[in-house]
>>> print(open('entry.csv').read())   # CSV, C-alpha atoms
chain,number,residue,atom,x,y,z
Y,276,MET,CA,0.9,-20.4,-56.5
Y,277,LEU,CA,2.6,-21.0,-59.8
Y,278,ARG,CA,5.6,-23.1,-59.3
Y,279,HIS,CA,8.4,-24.3,-61.5
Y,280,MET,CA,7.8,-27.9,-62.6
Y,281,SER,CA,10.4,-30.1,-64.1
Y,282,LEU,CA,7.9,-32.9,-65.0
Y,283,LYS,CA,7.6,-34.0,-68.5
Y,284,ASN,CA,4.3,-33.0,-70.1
Y,285,THR,CA,3.2,-36.6,-70.5
Y,286,ILE,CA,3.7,-37.4,-66.9
Y,287,PHE,CA,1.9,-34.3,-65.9
Y,288,THR,CA,-1.1,-35.0,-68.1
Y,289,ALA,CA,-1.3,-38.5,-66.7
Y,290,THR,CA,-1.2,-37.1,-63.2
Y,291,LEU,CA,-3.9,-34.6,-63.9
Y,292,LEU,CA,-6.1,-37.2,-65.5
Y,293,GLY,CA,-5.5,-39.8,-62.8
Y,294,THR,CA,-5.7,-37.9,-59.6
Y,295,GLY,CA,-6.6,-34.4,-60.6
Y,296,LEU,CA,-9.6,-32.5,-61.7
Y,297,LEU,CA,-11.2,-35.4,-63.6
Y,298,GLY,CA,-11.2,-37.4,-60.4
Y,299,LEU,CA,-12.9,-34.7,-58.3
Y,300,SER,CA,-16.1,-35.4,-56.4
Y,301,HIS,CA,-18.5,-32.7,-55.6
Y,302,SER,CA,-17.8,-32.8,-51.9
Y,303,VAL,CA,-15.1,-30.8,-50.3
Y,304,ASN,CA,-14.1,-31.4,-46.7
Y,305,ALA,CA,-13.7,-27.8,-45.6
Y,306,THR,CA,-14.6,-24.5,-47.1
Y,307,PRO,CA,-11.5,-23.1,-48.7
Y,308,SER,CA,-10.1,-19.8,-47.3
Y,309,ILE,CA,-10.6,-16.5,-48.9
Y,310,ASN,CA,-6.8,-16.1,-49.1
Y,311,GLU,CA,-6.5,-19.4,-51.0
Y,312,MET,CA,-9.2,-18.5,-53.4
Y,313,GLN,CA,-8.0,-14.9,-54.0
Y,314,GLY,CA,-4.7,-16.6,-55.1
Y,315,CYS,CA,-6.8,-18.8,-57.4
Y,316,GLN,CA,-8.5,-15.8,-58.8
Y,317,ALA,CA,-5.1,-14.2,-59.5
Y,318,VAL,CA,-4.2,-17.3,-61.6
Y,319,ILE,CA,-7.5,-16.9,-63.5
Y,320,ASP,CA,-6.8,-13.2,-64.1
Y,321,PHE,CA,-3.3,-14.2,-65.4
Y,322,VAL,CA,-4.8,-16.7,-67.7
Y,323,GLU,CA,-7.2,-14.1,-69.0
Y,324,ILE,CA,-4.3,-11.8,-69.7
Y,325,LYS,CA,-2.3,-14.5,-71.4
Y,326,SER,CA,-5.3,-15.4,-73.5
Y,327,THR,CA,-5.4,-11.8,-74.8
Y,328,GLU,CA,-1.7,-11.7,-75.4
Y,329,ALA,CA,-1.5,-15.1,-77.1
Y,330,ARG,CA,-4.2,-14.5,-79.7
Y,331,SER,CA,-1.5,-14.4,-82.4
Y,332,VAL,CA,-0.2,-17.7,-81.2
Y,333,TYR,CA,-3.3,-19.8,-80.6
Y,334,SER,CA,-6.6,-20.1,-82.5
Y,335,GLU,CA,-9.6,-18.1,-81.4
Y,336,LYS,CA,-11.5,-21.3,-80.8
Y,337,ASP,CA,-8.8,-22.6,-78.4
Y,338,ILE,CA,-8.7,-19.3,-76.6
Y,339,ASN,CA,-12.4,-19.3,-76.2
Y,340,VAL,CA,-12.3,-22.8,-74.6
Y,341,VAL,CA,-9.7,-21.7,-72.1
Y,342,LEU,CA,-11.6,-18.5,-71.3
Y,343,LYS,CA,-15.0,-20.1,-70.9
Y,344,GLY,CA,-13.8,-22.5,-68.2
Y,345,VAL,CA,-11.7,-20.1,-66.2
Y,346,GLN,CA,-14.3,-17.3,-66.3
Y,347,ALA,CA,-17.0,-19.7,-65.1
Y,348,TYR,CA,-14.7,-20.8,-62.3
Y,349,ASP,CA,-14.0,-17.2,-61.4
Y,350,VAL,CA,-17.7,-16.5,-61.0
Y,351,TYR,CA,-18.1,-19.6,-58.9
Y,352,ILE,CA,-15.2,-18.6,-56.6
Y,353,GLN,CA,-16.5,-15.0,-56.2
Y,354,ASP,CA,-20.2,-15.9,-55.8
Y,355,GLU,CA,-19.8,-19.0,-53.6
Y,356,ILE,CA,-16.7,-18.3,-51.6
Y,357,ILE,CA,-15.3,-14.8,-51.6
Y,358,THR,CA,-18.4,-12.7,-51.3
Y,359,PRO,CA,-20.2,-14.8,-48.8
Y,360,GLY,CA,-17.0,-15.2,-46.8
Y,361,LEU,CA,-16.3,-11.5,-46.6
Y,362,LEU,CA,-19.9,-10.8,-45.6
Y,363,GLN,CA,-19.7,-13.4,-42.9
Y,364,TYR,CA,-16.4,-12.0,-41.7
Y,365,VAL,CA,-17.9,-8.5,-41.3
Y,366,GLY,CA,-21.2,-9.6,-39.9
Y,367,GLY,CA,-23.2,-8.8,-43.0
Y,368,ASP,CA,-22.1,-5.2,-43.4
Y,369,ASN,CA,-22.0,-4.6,-47.2
Y,370,ASP,CA,-19.9,-1.5,-46.9
Y,371,LYS,CA,-17.2,-3.3,-44.9
Y,372,ALA,CA,-17.4,-6.3,-47.2
Y,373,GLU,CA,-16.8,-4.0,-50.2
Y,374,ALA,CA,-13.8,-2.4,-48.5
Y,375,LEU,CA,-12.4,-5.8,-47.9
Y,376,GLN,CA,-13.1,-6.8,-51.5
Y,377,GLN,CA,-11.0,-3.8,-52.6
Y,378,GLN,CA,-8.1,-5.1,-50.5
Y,379,VAL,CA,-8.5,-8.5,-52.0
Y,380,ASP,CA,-8.4,-7.0,-55.5
Y,381,VAL,CA,-5.2,-5.1,-54.8
Y,382,TYR,CA,-3.6,-8.2,-53.4
Y,383,LYS,CA,-4.7,-10.2,-56.6
Y,384,SER,CA,-3.2,-7.5,-58.8
Y,385,GLY,CA,0.1,-7.8,-57.1
Y,386,LEU,CA,0.1,-11.6,-57.6
Y,387,VAL,CA,-0.8,-11.1,-61.3
Y,388,GLU,CA,2.1,-8.7,-61.8
Y,389,SER,CA,4.5,-11.3,-60.3
Y,390,PHE,CA,3.1,-14.0,-62.6
Y,391,LYS,CA,3.6,-11.7,-65.6
Y,392,LYS,CA,7.3,-11.2,-64.6
Y,393,ARG,CA,7.8,-14.8,-64.1
Y,394,PHE,CA,6.1,-15.9,-67.3
Y,395,PRO,CA,6.7,-13.1,-69.8
Y,396,ASP,CA,6.1,-15.1,-73.1
Y,397,ASN,CA,2.8,-14.9,-74.9
Y,398,ARG,CA,1.9,-18.5,-74.4
Y,399,PHE,CA,0.4,-20.9,-71.8
Y,400,TYR,CA,2.3,-23.0,-69.3
Y,401,THR,CA,1.5,-26.3,-67.7
Y,402,ASP,CA,2.3,-24.6,-64.4
Y,403,VAL,CA,-0.9,-22.6,-64.8
Y,404,ALA,CA,-3.0,-25.8,-65.3
Y,405,ILE,CA,-1.4,-27.3,-62.2
Y,406,SER,CA,-2.2,-24.3,-60.1
Y,407,LEU,CA,-5.8,-24.2,-61.4
Y,408,ASN,CA,-6.2,-27.9,-60.8
Y,409,ASP,CA,-4.9,-27.4,-57.2
Y,410,CYS,CA,-7.5,-24.7,-56.8
Y,411,ALA,CA,-10.2,-26.9,-58.1
Y,412,LYS,CA,-9.3,-29.6,-55.6
Y,413,LYS,CA,-10.1,-27.1,-52.8
Y,414,ALA,CA,-13.2,-25.6,-54.4
Y,415,VAL,CA,-15.1,-27.7,-56.8
Y,416,PRO,CA,-17.7,-26.1,-59.1
Y,417,SER,CA,-20.6,-28.3,-60.3
Y,418,GLY,CA,-22.5,-28.8,-63.6
Y,419,ASP,CA,-21.4,-26.9,-66.6
Y,420,ALA,CA,-18.9,-24.8,-64.7
Y,421,LEU,CA,-17.0,-28.0,-63.8
Y,422,GLU,CA,-17.1,-29.4,-67.3
Y,423,ASP,CA,-16.0,-26.1,-68.7
Y,424,LEU,CA,-13.2,-25.9,-66.2
Y,425,LYS,CA,-12.0,-29.4,-67.2
Y,426,ALA,CA,-12.1,-28.5,-70.9
Y,427,SER,CA,-10.2,-25.3,-70.1
Y,428,LEU,CA,-7.5,-27.2,-68.2
Y,429,MET,CA,-7.1,-29.8,-70.9
Y,430,LYS,CA,-6.8,-27.1,-73.5
Y,431,ILE,CA,-4.2,-25.2,-71.5
Y,432,ILE,CA,-2.1,-28.4,-71.3
Y,433,GLU,CA,-2.5,-29.0,-75.0
Y,434,LEU,CA,-1.5,-25.5,-75.9
Y,435,ALA,CA,1.4,-25.5,-73.5
Y,436,LYS,CA,2.7,-28.8,-74.9
Y,437,SER,CA,2.6,-27.3,-78.4
Y,438,HIS,CA,5.3,-24.8,-77.6
>>> encode(input="entry.csv", output="structure tokens")
Amino acid sequence: MLRHMSLKNTIFTATLLGTGLLGLSHSVNATPSINEMQGCQAVIDFVEIKSTEARSVYSEKDINVVLKGVQAYDVYIQDEIITPGLLQYVGGDNDKAEALQQQVDVYKSGLVESFKKRFPDNRFYTDVAISLNDCAKKAVPSGDALEDLKASLMKIIELAKSH
């Protein structure tokens, strides 16, 4: 999910603005898979952890902008994709869906641990914004959630470039 990028920040920012999240429409060709979206939720969980760890590096205001967008996106993914997808997969059986959700959560935790090892510093990385932008291309929230996610991504880029 998070990949090493050798792009200069200015090129990355132009790419994000030109073809990325700001250019998204509200229609998505196919429903993203639960597997894809649990990976996206792992990136969000990682951003939330980094936000806590980086409070001594970045301002509270900046951290709040980042968190507002990713948390809204996490709710969107869970409520619109993961939960309905799991329920559909198990024929509407809530107990089975909950058991599958627990498996999803374990998998996400493993991904977060690998991200923490790969990115141990208490700061944000443009790789995170790239990954979240890729997620948003597959599953586009609407309204305030979309605007908050855009603001969050732009703030992550700004903060990553400051270090």
>>> atom_distance(input="entry.csv", atom1="CA of Glu355 (chain Y)", atom2="CA of Gly418 (chain Y)")
14.3 Å
>>> closest_residue(input="entry.csv", among="Y:Lys425, Y:Lys336, Y:Lys436, Y:Arg398", to="Glu323 (chain Y)", atoms="only C-alpha atoms")
Y:Arg398
>>> closest_residue(input="entry.csv", among="Y:Leu342, Y:Leu386, Y:Ala347, Y:Ile309", to="Val322 (chain Y)", atoms="all atoms listed in the file")
Y:Leu342
>>> residues_around(input="entry.csv", residues="region 376-381 of chain Y", least_positions_apart="5", cutoff="8 Å", atoms="only C-alpha atoms", output="PyMOL selection string")
chain Y and resi 313+358+361
>>> closest_residue(input="entry.csv", among="Y:Asp396, Y:Asp349, Y:Asp370, Y:Asp423", to="His438 (chain Y)", atoms="all atoms listed in the file")
Y:Asp396
>>> closest_residue(input="entry.csv", among="Y:Ala372, Y:Val387, Y:Ile431, Y:Ala411", to="Ile357 (chain Y)", atoms="all atoms listed in the file")
Y:Ala372
>>> closest_residue(input="entry.csv", among="Y:Gly366, Y:Ser417, Y:Phe321, Y:Ala426", to="Lys392 (chain Y)", atoms="all atoms listed in the file")
Y:Phe321
>>> closest_residue(input="entry.csv", among="Y:Ile352, Y:Ala414, Y:Val341, Y:Ala374", to="Lys430 (chain Y)", atoms="only C-alpha atoms")
Y:Val341
>>> residues_around(input="entry.csv", residues="Tyr333 (chain Y)", least_positions_apart="2", cutoff="10 Å", atoms="only C-alpha atoms", output="ChimeraX atom specification")
/Y:326,328-331,335-338,397-399,434,437
>>> atom_distance(input="entry.csv", atom1="CA of Asn339 (chain Y)", atom2="CA of Glu311 (chain Y)")
25.9 Å
>>> atom_distance(input="entry.csv", atom1="CA of Asp419 (chain Y)", atom2="CA of Leu362 (chain Y)")
26.5 Å
>>> decode(input="entry.csv", residues="region 369-400 of chain Y", atoms="N, CA and C atoms", output="PDB file, in the first residue's frame")
ATOM      1  N   ASN Y 369     -25.640 -11.242  10.863  1.00  0.00           N
ATOM      2  CA  ASN Y 369     -24.840 -10.273  11.628  1.00  0.00           C
ATOM      3  C   ASN Y 369     -23.709 -10.920  12.409  1.00  0.00           C
ATOM      4  N   ASP Y 370     -23.943 -12.099  12.985  1.00  0.00           N
ATOM      5  CA  ASP Y 370     -22.897 -12.775  13.762  1.00  0.00           C
ATOM      6  C   ASP Y 370     -21.714 -13.158  12.876  1.00  0.00           C
ATOM      7  N   LYS Y 371     -22.024 -13.697  11.712  1.00  0.00           N
ATOM      8  CA  LYS Y 371     -20.954 -14.068  10.782  1.00  0.00           C
ATOM      9  C   LYS Y 371     -20.233 -12.822  10.267  1.00  0.00           C
ATOM     10  N   ALA Y 372     -20.972 -11.765  10.016  1.00  0.00           N
ATOM     11  CA  ALA Y 372     -20.360 -10.519   9.559  1.00  0.00           C
ATOM     12  C   ALA Y 372     -19.429  -9.962  10.633  1.00  0.00           C
ATOM     13  N   GLU Y 373     -19.844 -10.039  11.883  1.00  0.00           N
ATOM     14  CA  GLU Y 373     -18.991  -9.569  12.986  1.00  0.00           C
ATOM     15  C   GLU Y 373     -17.725 -10.405  13.088  1.00  0.00           C
ATOM     16  N   ALA Y 374     -17.834 -11.705  12.902  1.00  0.00           N
ATOM     17  CA  ALA Y 374     -16.654 -12.573  12.938  1.00  0.00           C
ATOM     18  C   ALA Y 374     -15.690 -12.217  11.804  1.00  0.00           C
ATOM     19  N   LEU Y 375     -16.239 -11.946  10.628  1.00  0.00           N
ATOM     20  CA  LEU Y 375     -15.391 -11.530   9.511  1.00  0.00           C
ATOM     21  C   LEU Y 375     -14.767 -10.159   9.776  1.00  0.00           C
ATOM     22  N   GLN Y 376     -15.521  -9.264  10.410  1.00  0.00           N
ATOM     23  CA  GLN Y 376     -14.987  -7.938  10.744  1.00  0.00           C
ATOM     24  C   GLN Y 376     -13.785  -8.073  11.677  1.00  0.00           C
ATOM     25  N   GLN Y 377     -13.859  -9.016  12.602  1.00  0.00           N
ATOM     26  CA  GLN Y 377     -12.722  -9.244  13.499  1.00  0.00           C
ATOM     27  C   GLN Y 377     -11.495  -9.706  12.716  1.00  0.00           C
ATOM     28  N   GLN Y 378     -11.700 -10.530  11.706  1.00  0.00           N
ATOM     29  CA  GLN Y 378     -10.581 -10.956  10.860  1.00  0.00           C
ATOM     30  C   GLN Y 378     -10.005  -9.777  10.077  1.00  0.00           C
ATOM     31  N   VAL Y 379     -10.893  -8.925   9.575  1.00  0.00           N
ATOM     32  CA  VAL Y 379     -10.463  -7.719   8.868  1.00  0.00           C
ATOM     33  C   VAL Y 379      -9.615  -6.858   9.795  1.00  0.00           C
ATOM     34  N   ASP Y 380     -10.059  -6.691  11.034  1.00  0.00           N
ATOM     35  CA  ASP Y 380      -9.342  -5.856  11.999  1.00  0.00           C
ATOM     36  C   ASP Y 380      -7.957  -6.415  12.313  1.00  0.00           C
ATOM     37  N   VAL Y 381      -7.844  -7.731  12.424  1.00  0.00           N
ATOM     38  CA  VAL Y 381      -6.546  -8.363  12.680  1.00  0.00           C
ATOM     39  C   VAL Y 381      -5.614  -8.112  11.494  1.00  0.00           C
ATOM     40  N   TYR Y 382      -6.127  -8.285  10.292  1.00  0.00           N
ATOM     41  CA  TYR Y 382      -5.332  -8.046   9.098  1.00  0.00           C
ATOM     42  C   TYR Y 382      -4.857  -6.589   9.049  1.00  0.00           C
ATOM     43  N   LYS Y 383      -5.763  -5.650   9.324  1.00  0.00           N
ATOM     44  CA  LYS Y 383      -5.400  -4.227   9.317  1.00  0.00           C
ATOM     45  C   LYS Y 383      -4.306  -3.951  10.331  1.00  0.00           C
ATOM     46  N   SER Y 384      -4.400  -4.560  11.505  1.00  0.00           N
ATOM     47  CA  SER Y 384      -3.385  -4.352  12.542  1.00  0.00           C
ATOM     48  C   SER Y 384      -2.011  -4.792  12.066  1.00  0.00           C
ATOM     49  N   GLY Y 385      -1.968  -5.898  11.349  1.00  0.00           N
ATOM     50  CA  GLY Y 385      -0.698  -6.363  10.803  1.00  0.00           C
ATOM     51  C   GLY Y 385      -0.111  -5.379   9.800  1.00  0.00           C
ATOM     52  N   LEU Y 386      -0.971  -4.823   8.961  1.00  0.00           N
ATOM     53  CA  LEU Y 386      -0.505  -3.821   8.005  1.00  0.00           C
ATOM     54  C   LEU Y 386       0.027  -2.582   8.716  1.00  0.00           C
ATOM     55  N   VAL Y 387      -0.688  -2.136   9.733  1.00  0.00           N
ATOM     56  CA  VAL Y 387      -0.259  -0.950  10.482  1.00  0.00           C
ATOM     57  C   VAL Y 387       1.114  -1.195  11.106  1.00  0.00           C
ATOM     58  N   GLU Y 388       1.321  -2.372  11.664  1.00  0.00           N
ATOM     59  CA  GLU Y 388       2.617  -2.692  12.264  1.00  0.00           C
ATOM     60  C   GLU Y 388       3.731  -2.640  11.219  1.00  0.00           C
ATOM     61  N   SER Y 389       3.462  -3.129  10.023  1.00  0.00           N
ATOM     62  CA  SER Y 389       4.487  -3.071   8.976  1.00  0.00           C
ATOM     63  C   SER Y 389       4.757  -1.626   8.558  1.00  0.00           C
ATOM     64  N   PHE Y 390       3.717  -0.784   8.509  1.00  0.00           N
ATOM     65  CA  PHE Y 390       3.914   0.633   8.192  1.00  0.00           C
ATOM     66  C   PHE Y 390       4.758   1.307   9.274  1.00  0.00           C
ATOM     67  N   LYS Y 391       4.506   0.976  10.530  1.00  0.00           N
ATOM     68  CA  LYS Y 391       5.252   1.577  11.636  1.00  0.00           C
ATOM     69  C   LYS Y 391       6.732   1.212  11.563  1.00  0.00           C
ATOM     70  N   LYS Y 392       7.031   0.008  11.136  1.00  0.00           N
ATOM     71  CA  LYS Y 392       8.436  -0.399  10.991  1.00  0.00           C
ATOM     72  C   LYS Y 392       9.095   0.312   9.814  1.00  0.00           C
ATOM     73  N   ARG Y 393       8.336   0.481   8.764  1.00  0.00           N
ATOM     74  CA  ARG Y 393       8.878   1.114   7.567  1.00  0.00           C
ATOM     75  C   ARG Y 393       9.043   2.619   7.733  1.00  0.00           C
ATOM     76  N   PHE Y 394       8.168   3.236   8.507  1.00  0.00           N
ATOM     77  CA  PHE Y 394       8.184   4.686   8.707  1.00  0.00           C
ATOM     78  C   PHE Y 394       8.227   5.000  10.203  1.00  0.00           C
ATOM     79  N   PRO Y 395       9.383   4.806  10.834  1.00  0.00           N
ATOM     80  CA  PRO Y 395       9.448   4.936  12.295  1.00  0.00           C
ATOM     81  C   PRO Y 395       9.476   6.371  12.823  1.00  0.00           C
ATOM     82  N   ASP Y 396       9.826   7.339  11.993  1.00  0.00           N
ATOM     83  CA  ASP Y 396       9.939   8.712  12.465  1.00  0.00           C
ATOM     84  C   ASP Y 396       8.578   9.315  12.787  1.00  0.00           C
ATOM     85  N   ASN Y 397       8.580  10.268  13.700  1.00  0.00           N
ATOM     86  CA  ASN Y 397       7.346  10.952  14.108  1.00  0.00           C
ATOM     87  C   ASN Y 397       7.067  12.117  13.167  1.00  0.00           C
ATOM     88  N   ARG Y 398       6.685  11.767  11.952  1.00  0.00           N
ATOM     89  CA  ARG Y 398       6.361  12.774  10.945  1.00  0.00           C
ATOM     90  C   ARG Y 398       5.494  12.132   9.868  1.00  0.00           C
ATOM     91  N   PHE Y 399       4.981  12.976   8.972  1.00  0.00           N
ATOM     92  CA  PHE Y 399       4.185  12.480   7.857  1.00  0.00           C
ATOM     93  C   PHE Y 399       5.068  12.314   6.620  1.00  0.00           C
ATOM     94  N   TYR Y 400       4.615  11.469   5.722  1.00  0.00           N
ATOM     95  CA  TYR Y 400       5.327  11.176   4.483  1.00  0.00           C
ATOM     96  C   TYR Y 400       4.383  11.379   3.307  1.00  0.00           C
TER      97      TYR Y 400
END
